[in-house]
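Here is query_0.pdb, consisting of PDB, C-alpha atoms:
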```
ATOM      1  CA  MET A 436      57.343 237.840 259.113  1.00  0.00           C
ATOM      2  CA  HIS A 437      54.318 235.636 259.583  1.00  0.00           C
ATOM      3  CA  PRO A 438      52.288 236.521 262.697  1.00  0.00           C
ATOM      4  CA  LEU A 439      52.654 232.989 264.080  1.00  0.00           C
ATOM      5  CA  THR A 440      56.441 232.792 263.729  1.00  0.00           C
ATOM      6  CA  PRO A 441      57.214 233.769 267.366  1.00  0.00           C
ATOM      7  CA  LEU A 442      54.749 231.165 268.660  1.00  0.00           C
ATOM      8  CA  ARG A 443      56.314 228.549 266.389  1.00  0.00           C
ATOM      9  CA  TRP A 444      59.764 229.436 267.734  1.00  0.00           C
ATOM     10  CA  MET A 445      58.420 229.059 271.253  1.00  0.00           C
ATOM     11  CA  SER A 446      57.038 225.636 270.316  1.00  0.00           C
ATOM     12  CA  TYR A 447      60.410 224.537 268.941  1.00  0.00           C
ATOM     13  CA  MET A 448      62.040 225.797 272.135  1.00  0.00           C
ATOM     14  CA  LEU A 449      59.612 223.790 274.281  1.00  0.00           C
ATOM     15  CA  ILE A 450      60.412 220.618 272.366  1.00  0.00           C
ATOM     16  CA  ALA A 451      64.127 221.261 272.800  1.00  0.00           C
ATOM     17  CA  LEU A 452      63.725 222.056 276.511  1.00  0.00           C
ATOM     18  CA  GLY A 453      61.767 218.857 277.012  1.00  0.00           C
ATOM     19  CA  LEU A 454      64.438 216.771 275.302  1.00  0.00           C
ATOM     20  CA  ILE A 455      67.239 218.490 277.225  1.00  0.00           C
ATOM     21  CA  ASN A 456      65.314 218.042 280.483  1.00  0.00           C
ATOM     22  CA  TRP A 457      64.809 214.360 279.717  1.00  0.00           C
ATOM     23  CA  ARG A 458      68.482 213.803 278.920  1.00  0.00           C
ATOM     24  CA  TYR A 459      69.985 215.624 281.871  1.00  0.00           C
ATOM     25  CA  GLN A 460      67.524 214.378 284.477  1.00  0.00           C
ATOM     26  CA  SER A 461      67.266 210.796 283.273  1.00  0.00           C
ATOM     27  CA  ALA A 462      68.324 209.467 286.691  1.00  0.00           C
ATOM     28  CA  GLU A 463      65.551 211.343 288.509  1.00  0.00           C
ATOM     29  CA  PRO A 464      62.209 209.601 289.064  1.00  0.00           C
ATOM     30  CA  GLY A 465      59.449 211.169 286.994  1.00  0.00           C
ATOM     31  CA  ALA A 466      61.826 212.884 284.559  1.00  0.00           C
ATOM     32  CA  PHE A 467      60.163 211.174 281.599  1.00  0.00           C
ATOM     33  CA  ASN A 468      56.695 212.326 282.651  1.00  0.00           C
ATOM     34  CA  ASN A 469      57.837 215.909 283.202  1.00  0.00           C
ATOM     35  CA  SER A 470      59.679 215.982 279.895  1.00  0.00           C
ATOM     36  CA  ILE A 471      56.845 214.451 277.919  1.00  0.00           C
ATOM     37  CA  VAL A 472      54.467 217.139 279.210  1.00  0.00           C
ATOM     38  CA  ILE A 473      56.797 219.868 277.940  1.00  0.00           C
ATOM     39  CA  ILE A 474      57.408 218.119 274.598  1.00  0.00           C
ATOM     40  CA  THR A 475      53.681 217.485 274.089  1.00  0.00           C
ATOM     41  CA  ILE A 476      52.736 221.114 274.687  1.00  0.00           C
ATOM     42  CA  GLY A 477      55.384 222.253 272.206  1.00  0.00           C
ATOM     43  CA  ALA A 478      54.438 219.649 269.606  1.00  0.00           C
ATOM     44  CA  LEU A 479      50.710 220.360 269.837  1.00  0.00           C
ATOM     45  CA  GLN A 480      51.254 224.090 269.475  1.00  0.00           C
ATOM     46  CA  LEU A 481      53.627 223.591 266.578  1.00  0.00           C
ATOM     47  CA  ILE A 482      51.240 221.287 264.751  1.00  0.00           C
ATOM     48  CA  GLY A 483      48.354 223.637 265.485  1.00  0.00           C
ATOM     49  CA  THR A 484      50.154 226.625 263.990  1.00  0.00           C
ATOM     50  CA  PHE A 485      50.875 224.808 260.733  1.00  0.00           C
ATOM     51  CA  LEU A 486      47.472 223.226 260.105  1.00  0.00           C
ATOM     52  CA  PRO A 487      45.278 225.543 258.015  1.00  0.00           C
ATOM     53  CA  GLN A 488      42.157 224.689 260.032  1.00  0.00           C
ATOM     54  CA  THR A 489      43.673 225.755 263.346  1.00  0.00           C
ATOM     55  CA  SER A 490      46.313 228.311 262.381  1.00  0.00           C
ATOM     56  CA  SER A 491      43.649 230.940 261.718  1.00  0.00           C
ATOM     57  CA  HIS A 492      42.443 230.519 265.302  1.00  0.00           C
ATOM     58  CA  PHE A 493      45.932 231.159 266.699  1.00  0.00           C
ATOM     59  CA  THR A 494      45.948 234.635 265.136  1.00  0.00           C
ATOM     60  CA  ARG A 495      42.937 235.703 267.193  1.00  0.00           C
ATOM     61  CA  PRO A 496      43.864 237.536 270.412  1.00  0.00           C
ATOM     62  CA  PRO A 497      42.143 235.297 273.025  1.00  0.00           C
ATOM     63  CA  LEU A 498      43.612 232.004 271.804  1.00  0.00           C
ATOM     64  CA  LYS A 499      46.955 233.604 271.048  1.00  0.00           C
ATOM     65  CA  GLN A 500      47.186 234.925 274.611  1.00  0.00           C
ATOM     66  CA  ILE A 501      46.193 231.554 276.033  1.00  0.00           C
ATOM     67  CA  ALA A 502      48.864 229.846 273.908  1.00  0.00           C
ATOM     68  CA  TRP A 503      51.507 232.279 275.180  1.00  0.00           C
ATOM     69  CA  ILE A 504      50.441 231.763 278.790  1.00  0.00           C
ATOM     70  CA  VAL A 505      50.558 227.977 278.411  1.00  0.00           C
ATOM     71  CA  SER A 506      53.954 228.207 276.695  1.00  0.00           C
ATOM     72  CA  SER A 507      55.358 230.468 279.395  1.00  0.00           C
ATOM     73  CA  ALA A 508      54.043 228.155 282.101  1.00  0.00           C
ATOM     74  CA  ALA A 509      55.682 225.185 280.367  1.00  0.00           C
ATOM     75  CA  VAL A 510      59.019 227.033 280.222  1.00  0.00           C
ATOM     76  CA  ILE A 511      58.790 227.862 283.925  1.00  0.00           C
ATOM     77  CA  PHE A 512      57.861 224.220 284.615  1.00  0.00           C
ATOM     78  CA  ALA A 513      60.916 223.078 282.644  1.00  0.00           C
ATOM     79  CA  ILE A 514      63.199 225.427 284.561  1.00  0.00           C
ATOM     80  CA  ILE A 515      61.824 224.466 287.978  1.00  0.00           C
ATOM     81  CA  ASN A 516      62.111 220.748 287.311  1.00  0.00           C
TER      82      ASN A 516
END
```

Encoded form using structure tokens:
Amino acid sequence: MHPLTPLRWMSYMLIALGLINWRYQSAEPGAFNNSIVIITIGALQLIGTFLPQTSSHFTRPPLKQIAWIVSSAAVIFAIIN
């Protein structure tokens, strides 16, 4: 398995959580803004893990840990909202 596969799965999950959040909270004010934050984080991480210029950086421990912290925070944000 590629070392970035779990981070890519997390990115896919963030995109899905953002879309689900947007759909089920469409009547709430600010649901679009909250959802777009979650979707953007997932999309940026996913794109970053597939681009050759940036994917090598995601295998280094400091950036990998930061990406996991940001992803975890986005999941918690999606659950709270």

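Those residues returned by the PyMOL selection byres ((chain A and resi 483) around 12) for this file are A:Leu439, A:Leu442, A:Arg443, A:Ser446, A:Thr475, A:Ile476, A:Gly477, A:Ala478, A:Leu479, A:Gln480, A:Leu481, A:Ile482, A:Thr484, A:Phe485, A:Leu486, A:Pro487, A:Gln488, A:Thr489, A:Ser490, A:Ser491, A:His492, A:Phe493, A:Thr494, A:Leu498, A:Lys499, A:Ala502.
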
Counting only C-alpha atoms, which residues of segment 482-507 of chain A sit at most 12 Å from some atom of segment 454-474 of chain A, and what is each one's closest atom pair with its distance in Å to one decimal, listed by chain and rising residue number, as a tab-separated table?
```
residue	atom	partner	partner_atom	distance
A:Val505	CA	A:Ile473	CA	10.2
A:Ser506	CA	A:Ile473	CA	8.9
A:Ser507	CA	A:Ile473	CA	10.8
```

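A straight line drawn from atom CA of Trp503 of chain A to atom CA of Met445 of chain A is 8.6 Å long.
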
To one decimal place in Å, what is the distance between atom CA of Ile511 of chain A and atom CA of Thr440 of chain A?
20.9 Å
